[in-house]
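Raw start_33.cif, mmCIF, C-alpha atoms:
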```cif
data_work
loop_
_atom_site.label_atom_id
_atom_site.label_comp_id
_atom_site.auth_asym_id
_atom_site.auth_seq_id
_atom_site.Cartn_x
_atom_site.Cartn_y
_atom_site.Cartn_z
CA MET A 1 -25.51 39.75 46.43
CA PHE A 2 -27.62 36.61 46.13
CA ALA A 3 -30.54 38.27 47.92
CA SER A 4 -30.36 41.23 45.57
CA LEU A 5 -30.38 38.95 42.51
CA PHE A 6 -33.33 37.02 43.92
CA PHE A 7 -35.18 40.26 44.59
CA ASP A 8 -34.64 41.40 41.00
CA TYR A 9 -35.99 38.10 39.72
CA LEU A 10 -39.05 38.34 42.00
CA PHE A 11 -39.62 41.97 41.03
CA VAL A 12 -39.67 41.14 37.33
CA MET A 13 -41.75 37.98 37.73
CA ILE A 14 -44.41 39.49 40.02
CA LEU A 15 -45.00 42.48 37.77
CA THR A 16 -44.86 40.42 34.56
CA SER A 17 -47.35 37.85 35.81
CA ALA A 18 -49.63 40.63 37.13
CA VAL A 19 -49.63 42.38 33.74
CA LEU A 20 -50.15 39.08 31.92
CA MET A 21 -52.99 38.30 34.31
CA ILE A 22 -55.00 41.43 33.59
CA THR A 23 -54.47 41.14 29.83
CA ARG A 24 -55.44 37.49 29.29
CA LYS A 25 -58.52 36.82 27.20
CA HIS A 26 -59.28 33.47 28.80
CA ILE A 27 -60.20 33.79 32.47
CA VAL A 28 -58.62 30.46 33.48
CA HIS A 29 -55.27 31.64 32.08
CA ALA A 30 -55.64 34.79 34.17
CA VAL A 31 -56.21 32.67 37.29
CA LEU A 32 -53.12 30.59 36.55
CA TYR A 33 -50.99 33.72 36.13
CA MET A 34 -52.37 34.92 39.45
CA LEU A 35 -51.21 31.61 40.95
CA LEU A 36 -47.72 32.28 39.57
CA MET A 37 -47.81 35.73 41.13
CA PHE A 38 -48.89 34.37 44.53
CA PHE A 39 -46.01 31.90 44.54
CA HIS A 40 -43.50 34.63 43.81
CA ILE A 41 -45.00 36.88 46.48
CA ALA A 42 -44.52 33.99 48.93
CA GLY A 43 -40.87 33.94 47.83
CA LEU A 44 -40.70 37.66 48.53
CA TYR A 45 -42.06 37.10 52.06
CA ILE A 46 -39.30 34.57 52.69
CA LEU A 47 -36.81 37.19 51.54
CA LEU A 48 -38.43 39.59 54.03
CA GLU A 49 -38.01 37.07 56.90
CA ALA A 50 -41.76 36.48 57.19
CA GLU A 51 -41.74 32.70 56.80
CA PHE A 52 -45.10 32.17 58.47
CA LEU A 53 -46.79 34.65 56.16
CA ALA A 54 -45.18 32.94 53.16
CA ALA A 55 -46.81 29.69 54.24
CA VAL A 56 -50.13 31.42 54.89
CA GLN A 57 -49.91 33.10 51.48
CA LEU A 58 -49.57 29.71 49.82
CA ILE A 59 -52.25 28.01 51.90
CA VAL A 60 -54.87 30.76 51.97
CA TYR A 61 -54.34 32.60 48.70
CA ALA A 62 -52.96 29.95 46.36
CA GLY A 63 -54.70 27.07 48.08
CA ALA A 64 -58.12 28.33 49.09
CA ILE A 65 -59.05 31.59 47.37
CA LEU A 66 -57.70 30.60 43.96
CA VAL A 67 -59.44 27.23 44.05
CA LEU A 68 -62.66 29.02 44.97
CA TYR A 69 -62.21 31.27 41.93
CA LEU A 70 -61.55 28.32 39.62
CA PHE A 71 -64.51 26.45 41.06
CA VAL A 72 -66.94 29.32 40.47
CA ILE A 73 -65.51 29.99 36.98
CA MET A 74 -66.05 26.39 36.01
CA LEU A 75 -69.53 26.52 37.49
CA VAL A 76 -70.35 29.58 35.39
CA ASN A 77 -68.89 28.98 31.92
CA ILE A 78 -68.16 25.34 31.50
CA ARG A 79 -68.61 25.36 27.72
CA LYS A 80 -65.49 27.40 26.94
CA LEU A 81 -63.17 25.16 28.92
CA GLU A 82 -62.80 22.40 26.35
CA THR A 83 -60.24 24.24 24.20
CA LEU A 84 -58.12 24.93 27.25
CA ARG A 85 -56.23 21.66 27.42
CA GLU A 86 -54.09 22.00 24.28
CA GLN A 87 -53.39 25.70 24.93
CA LEU A 88 -52.06 25.10 28.43
CA PHE A 89 -49.23 22.75 27.50
CA GLY A 90 -47.57 25.50 25.46
CA HIS A 91 -46.77 27.20 28.77
CA LEU A 92 -44.96 24.16 30.18
CA PRO A 93 -41.34 25.31 29.56
CA PHE A 94 -42.06 28.73 31.05
CA ALA A 95 -43.71 27.12 34.07
CA LEU A 96 -40.82 24.70 34.64
CA VAL A 97 -38.17 27.44 34.37
CA SER A 98 -39.96 29.80 36.77
CA ALA A 99 -40.68 26.99 39.24
CA GLY A 100 -37.01 25.95 39.19
CA LEU A 101 -35.73 29.50 39.63
CA LEU A 102 -38.15 30.23 42.48
CA CYS A 103 -37.24 26.98 44.22
CA ALA A 104 -33.51 27.68 43.84
CA GLY A 105 -33.97 31.21 45.13
CA VAL A 106 -35.95 30.19 48.22
CA VAL A 107 -33.54 27.37 49.08
CA GLY A 108 -30.59 29.72 48.55
CA ILE A 109 -32.05 32.38 50.83
CA LEU A 110 -32.89 29.88 53.59
CA MET A 111 -29.39 28.33 53.35
CA GLN A 112 -27.80 31.74 53.53
CA GLU A 113 -29.79 32.64 56.64
CA THR A 114 -29.06 29.44 58.55
CA VAL A 115 -25.51 28.70 57.41
CA LEU A 116 -23.94 32.13 57.38
CA LYS A 117 -26.02 33.45 60.27
CA GLU A 118 -25.47 36.99 59.15
CA PRO A 119 -25.83 39.37 62.11
CA SER A 120 -28.90 41.12 60.80
CA SER A 121 -30.52 43.75 62.96
CA SER A 122 -33.93 42.18 62.52
CA VAL A 123 -36.44 41.43 65.24
CA GLN A 124 -35.73 37.72 64.98
CA ALA A 125 -32.02 38.12 65.61
CA ALA A 126 -32.57 40.52 68.50
CA THR A 127 -34.99 38.34 70.45
CA GLN A 128 -33.73 34.88 69.39
CA MET A 129 -37.27 33.88 68.49
CA SER A 130 -38.54 32.43 65.26
CA ASN A 131 -41.00 34.26 63.07
CA PRO A 132 -44.11 32.20 63.96
CA GLU A 133 -43.33 32.58 67.66
CA LEU A 134 -43.04 36.35 67.35
CA LEU A 135 -46.20 36.58 65.29
CA GLY A 136 -48.12 34.36 67.67
CA GLN A 137 -46.98 36.37 70.65
CA ALA A 138 -48.11 39.62 69.04
CA LEU A 139 -51.38 38.09 67.86
CA TYR A 140 -52.41 36.56 71.19
CA THR A 141 -51.41 39.42 73.46
CA GLN A 142 -51.45 42.84 71.87
CA TYR A 143 -53.83 42.05 69.01
CA LEU A 144 -56.16 39.57 70.72
CA PHE A 145 -59.32 41.60 70.18
CA PRO A 146 -58.77 42.21 66.43
CA PHE A 147 -57.99 38.50 66.15
CA GLU A 148 -61.37 37.61 67.61
CA VAL A 149 -63.07 40.14 65.33
CA ALA A 150 -61.35 38.48 62.35
CA SER A 151 -62.86 35.15 63.33
CA LEU A 152 -66.28 36.80 63.52
CA ILE A 153 -65.78 38.25 60.01
CA LEU A 154 -64.99 34.78 58.70
CA LEU A 155 -68.10 33.33 60.36
CA VAL A 156 -70.30 36.06 58.89
CA ALA A 157 -68.74 35.56 55.45
CA LEU A 158 -69.32 31.81 55.67
CA VAL A 159 -72.98 32.15 56.61
CA GLY A 160 -73.48 35.00 54.14
CA ALA A 161 -71.94 33.12 51.21
CA VAL A 162 -74.07 30.05 51.82
CA LEU A 163 -77.19 32.18 52.23
CA ILE A 164 -76.61 34.27 49.09
CA ALA A 165 -75.60 31.41 46.82
CA SER A 166 -78.48 29.17 47.81
CA ARG A 167 -81.21 31.78 47.53
CA LYS A 168 -83.68 31.56 44.65
CA ILE A 169 -84.65 34.90 43.16
CA MET B 1 -26.56 46.96 45.41
CA THR B 2 -28.43 46.39 48.65
CA ILE B 3 -32.20 46.14 48.69
CA THR B 4 -33.72 49.07 50.50
CA LEU B 5 -37.24 49.67 51.76
CA GLU B 6 -37.94 51.86 48.72
CA HIS B 7 -37.49 48.91 46.37
CA TYR B 8 -40.22 46.97 48.14
CA ILE B 9 -42.53 49.99 48.25
CA LEU B 10 -41.96 50.51 44.53
CA LEU B 11 -42.89 46.89 43.88
CA GLY B 12 -45.99 47.11 46.07
CA THR B 13 -47.09 50.37 44.47
CA LEU B 14 -46.62 49.07 40.93
CA LEU B 15 -48.59 45.94 41.80
CA PHE B 16 -51.35 48.09 43.27
CA LEU B 17 -51.43 50.25 40.13
CA ILE B 18 -51.62 47.18 37.88
CA GLY B 19 -54.58 46.07 39.99
CA VAL B 20 -56.26 49.47 39.58
CA ALA B 21 -55.63 49.36 35.82
CA GLY B 22 -57.07 45.86 35.56
CA PHE B 23 -60.12 46.88 37.55
CA LEU B 24 -60.78 49.90 35.33
CA ILE B 25 -59.91 48.41 31.94
CA ARG B 26 -61.42 44.95 32.03
CA ARG B 27 -65.16 44.37 32.03
CA ASN B 28 -65.17 40.70 32.97
CA ILE B 29 -66.50 40.67 36.51
CA PHE B 30 -64.16 37.84 37.55
CA LEU B 31 -61.13 39.74 36.37
CA MET B 32 -62.28 42.87 38.17
CA PHE B 33 -62.51 40.78 41.33
CA MET B 34 -59.05 39.32 40.80
CA SER B 35 -57.69 42.83 40.31
CA ILE B 36 -58.87 43.66 43.82
CA GLU B 37 -56.79 40.72 45.09
CA LEU B 38 -53.86 42.18 43.15
CA MET B 39 -54.26 45.51 44.97
CA MET B 40 -54.44 43.75 48.35
CA ASN B 41 -51.23 41.89 47.56
CA GLY B 42 -49.51 45.14 46.68
CA VAL B 43 -50.51 46.56 50.04
CA ASN B 44 -49.41 43.35 51.79
CA ILE B 45 -45.93 43.61 50.28
CA CYS B 46 -45.64 47.14 51.66
CA PHE B 47 -46.81 46.01 55.12
CA VAL B 48 -44.36 43.11 55.34
CA SER B 49 -41.46 45.28 54.17
CA PHE B 50 -42.36 47.90 56.80
CA ALA B 51 -42.43 45.15 59.42
CA ARG B 52 -38.97 44.03 58.28
CA TYR B 53 -37.33 47.45 58.10
CA TYR B 54 -38.89 49.03 61.20
CA HIS B 55 -38.50 45.86 63.31
CA ASP B 56 -42.17 45.78 64.30
CA MET B 57 -44.45 42.75 64.08
CA ALA B 58 -47.57 44.92 63.67
CA GLY B 59 -47.10 44.93 59.91
CA GLN B 60 -47.15 41.15 59.68
CA VAL B 61 -50.15 40.92 62.02
CA PHE B 62 -52.01 43.36 59.79
CA VAL B 63 -51.18 41.29 56.71
CA LEU B 64 -52.82 38.33 58.43
CA PHE B 65 -55.98 40.41 58.92
CA VAL B 66 -55.89 41.59 55.30
CA MET B 67 -55.74 37.95 54.23
CA THR B 68 -58.74 37.15 56.45
CA VAL B 69 -60.74 39.95 54.89
CA ALA B 70 -59.62 38.87 51.40
CA ALA B 71 -60.87 35.35 52.05
CA ALA B 72 -64.21 36.62 53.38
CA GLU B 73 -64.54 39.02 50.47
CA ALA B 74 -63.80 36.28 47.93
CA ALA B 75 -66.41 33.96 49.45
CA VAL B 76 -69.20 36.54 49.59
CA GLY B 77 -68.25 38.19 46.29
CA LEU B 78 -68.15 34.95 44.36
CA ALA B 79 -71.54 33.99 45.80
CA ILE B 80 -72.93 37.31 44.55
CA ILE B 81 -71.34 36.76 41.11
CA LEU B 82 -72.92 33.31 40.97
CA LEU B 83 -76.32 34.82 41.78
CA LEU B 84 -75.84 37.57 39.17
CA TYR B 85 -74.91 35.02 36.53
CA ARG B 86 -77.95 32.92 37.35
CA ASN B 87 -80.20 35.94 36.84
CA ARG B 88 -78.56 37.71 33.88
CA GLU B 89 -76.61 34.95 32.07
CA THR B 90 -73.60 37.21 31.51
CA LEU B 91 -70.25 38.06 33.10
CA ASN B 92 -69.86 41.49 31.51
CA ALA B 93 -70.03 44.16 34.21
CA ASP B 94 -71.44 46.73 31.76
CA GLU B 95 -74.59 44.68 31.30
CA PHE B 96 -75.54 44.82 34.97
CA HIS B 97 -77.56 48.03 34.61
CA LEU B 98 -80.77 47.08 36.33
CA MET B 99 -80.85 50.31 38.35
CA LYS B 100 -80.33 52.57 35.33
CA HIS B 101 -83.87 52.65 34.01
#
```
As a first step, turn the structure in this file into structure tokens.
Amino acid sequence: MFASLFFDYLFVMILTSAVLMITRKHIVHAVLYMLLMFFHIAGLYILLEAEFLAAVQLIVYAGAILVLYLFVIMLVNIRKLETLREQLFGHLPFALVSAGLLCAGVVGILMQETVLKEPSSSVQAATQMSNPELLGQALYTQYLFPFEVASLILLVALVGAVLIASRKI
Amino acid sequence: MTITLEHYILLGTLLFLIGVAGFLIRRNIFLMFMSIELMMNGVNICFVSFARYYHDMAGQVFVLFVMTVAAAEAAVGLAIILLLYRNRETLNADEFHLMKH
């Protein structure tokens, strides 16, 4: 019952923030709505028993990629950003309510899983292993080669980004 | 009402479609880029829900790879945007028509 309610809330919030994101006139507002969406997707991953991916979603997407976006946006059009400050505080009640609801939902789901210990037929319950353990085992045995390729992709992207951005044409 | 796999797929598909719409409608090159992230997130939701409902970790492993590629794509793409802006002084994708003439 609680999980279903939480899912409905996440469903509405993810789609609403996505639609708001692609319709905003100011690009920084769009980025902030994308941040809201990433947080709610992390909540959805917790609902789906993928706790490690929820953490990675927050660290990689909300923490790294979004900051990179903001950084480049501010590098590109710094003149338009001065009017932003007074506009942003109008969103404060909305932000507080959604943050509170998401927090309550995540805590509720985690409590339900550990306290009630519902006999779910999930992988975690069957093997008595936590989600990061299962993911690590899959990643370092069956998917070791793709894992190494992923690290190569990141290296190439790193070198490529530095090379492209520093070149004078 | 219990949450079934179809609910998650519906959510992922709708998110993907919003991303496609944003990519096609908006002309700001940043927003087009962010729409691609939206599409990737829609796909990720589907992957994680498959992993949950078919009891297979492959879905979650693949999401990790999608996130890797998204990070690489963001780094290289934003560097290209920065270079474009330095040359053309605009963020409107319609004005990048150097190859047209």
Given the PyMOL selection byres ((chain B) within 6 of (chain A)), the residues it picks as a CSV table (one decimal) with C-alpha atoms, in the frame of the given file:
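As written to disk, part-v8.csv reads:
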```
chain,number,residue,atom,x,y,z
B,22,GLY,CA,-57.1,45.9,35.6
B,55,HIS,CA,-38.5,45.9,63.3
B,72,ALA,CA,-64.2,36.6,53.4
B,75,ALA,CA,-66.4,34.0,49.4
B,76,VAL,CA,-69.2,36.5,49.6
B,79,ALA,CA,-71.5,34.0,45.8
```
Nearest residue to B:Val48 out of B:Leu5, B:Leu91, B:Met34, B:Leu17, using only C-alpha atoms?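 Checking each of B:Leu5, B:Leu91, B:Met34, B:Leu17 against B:Val48, counting only C-alpha atoms, the winner is B:Leu5.
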Point-to-point distance from atom CA of B:Met67 to atom CA of B:Asn44, Å rounded to tenths: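 Rounded to one decimal, the two atoms are 8.7 Å apart.
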Using the chain letters and residue numbers of this document, give as a VMD selection string the residues selected by the PyMOL selection byres ((chain B and resi 59) around 9). chain B and resid 44 46 to 52 56 to 58 60 to 64
Residues just named, written with C-alpha atoms as an mmCIF file, in the coordinates of the input:
```cif
data_model
loop_
_atom_site.group_PDB
_atom_site.id
_atom_site.type_symbol
_atom_site.label_atom_id
_atom_site.label_comp_id
_atom_site.auth_asym_id
_atom_site.auth_seq_id
_atom_site.Cartn_x
_atom_site.Cartn_y
_atom_site.Cartn_z
ATOM 1 C CA ASN B 44 -49.410 43.350 51.790
ATOM 2 C CA CYS B 46 -45.640 47.140 51.660
ATOM 3 C CA PHE B 47 -46.810 46.010 55.120
ATOM 4 C CA VAL B 48 -44.360 43.110 55.340
ATOM 5 C CA SER B 49 -41.460 45.280 54.170
ATOM 6 C CA PHE B 50 -42.360 47.900 56.800
ATOM 7 C CA ALA B 51 -42.430 45.150 59.420
ATOM 8 C CA ARG B 52 -38.970 44.030 58.280
ATOM 9 C CA ASP B 56 -42.170 45.780 64.300
ATOM 10 C CA MET B 57 -44.450 42.750 64.080
ATOM 11 C CA ALA B 58 -47.570 44.920 63.670
ATOM 12 C CA GLN B 60 -47.150 41.150 59.680
ATOM 13 C CA VAL B 61 -50.150 40.920 62.020
ATOM 14 C CA PHE B 62 -52.010 43.360 59.790
ATOM 15 C CA VAL B 63 -51.180 41.290 56.710
ATOM 16 C CA LEU B 64 -52.820 38.330 58.430
#
```
Report the distance between atom CA of A:Ser130 and atom CA of B:Leu38 in Å, rounded to one decimal place.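 Atom-to-atom, atom CA of A:Ser130 to atom CA of B:Leu38, that is 28.6 Å.
Here atom CA of A:Leu20 is placed at a distance of 25.2 Å from atom CA of B:Leu82.
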Assuming the chain letters and numbering stay as they are in my file, what does the PyMOL selection byres ((chain B and resi 39) around 12) actually select? List them as a short mmCIF file (atom, residue, chain, number, x, y, z; two decimals) with C-alpha atoms, in the coordinates of the input.
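Below you can see expr_25.cif, which holds the result:
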```
data_model
loop_
_atom_site.label_atom_id
_atom_site.label_comp_id
_atom_site.auth_asym_id
_atom_site.auth_seq_id
_atom_site.Cartn_x
_atom_site.Cartn_y
_atom_site.Cartn_z
CA ALA A 18 -49.63 40.63 37.13
CA LEU B 11 -42.89 46.89 43.88
CA GLY B 12 -45.99 47.11 46.07
CA THR B 13 -47.09 50.37 44.47
CA LEU B 14 -46.62 49.07 40.93
CA LEU B 15 -48.59 45.94 41.80
CA PHE B 16 -51.35 48.09 43.27
CA LEU B 17 -51.43 50.25 40.13
CA ILE B 18 -51.62 47.18 37.88
CA GLY B 19 -54.58 46.07 39.99
CA VAL B 20 -56.26 49.47 39.58
CA ALA B 21 -55.63 49.36 35.82
CA GLY B 22 -57.07 45.86 35.56
CA PHE B 23 -60.12 46.88 37.55
CA MET B 32 -62.28 42.87 38.17
CA PHE B 33 -62.51 40.78 41.33
CA MET B 34 -59.05 39.32 40.80
CA SER B 35 -57.69 42.83 40.31
CA ILE B 36 -58.87 43.66 43.82
CA GLU B 37 -56.79 40.72 45.09
CA LEU B 38 -53.86 42.18 43.15
CA MET B 40 -54.44 43.75 48.35
CA ASN B 41 -51.23 41.89 47.56
CA GLY B 42 -49.51 45.14 46.68
CA VAL B 43 -50.51 46.56 50.04
CA ASN B 44 -49.41 43.35 51.79
CA ILE B 45 -45.93 43.61 50.28
CA CYS B 46 -45.64 47.14 51.66
CA VAL B 66 -55.89 41.59 55.30
CA ALA B 70 -59.62 38.87 51.40
#
```
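Ranking A:Val97, A:Cys103, A:Met74, A:Gln128 by their shortest atom-to-atom distance to A:Val28, with only C-alpha atoms included, puts A:Met74 first.
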To box stretch 28-33 of chain A, take all atoms listed in the file, fit an axis-aligned box, add 8 Å on each side, and give centre and edge lengths in Å to one decimal, as lines of an AutoDock Vina configuration file.
```
center_x = -54.8
center_y = 32.6
center_z = 34.7
size_x = 23.6
size_y = 20.3
size_z = 21.2
```
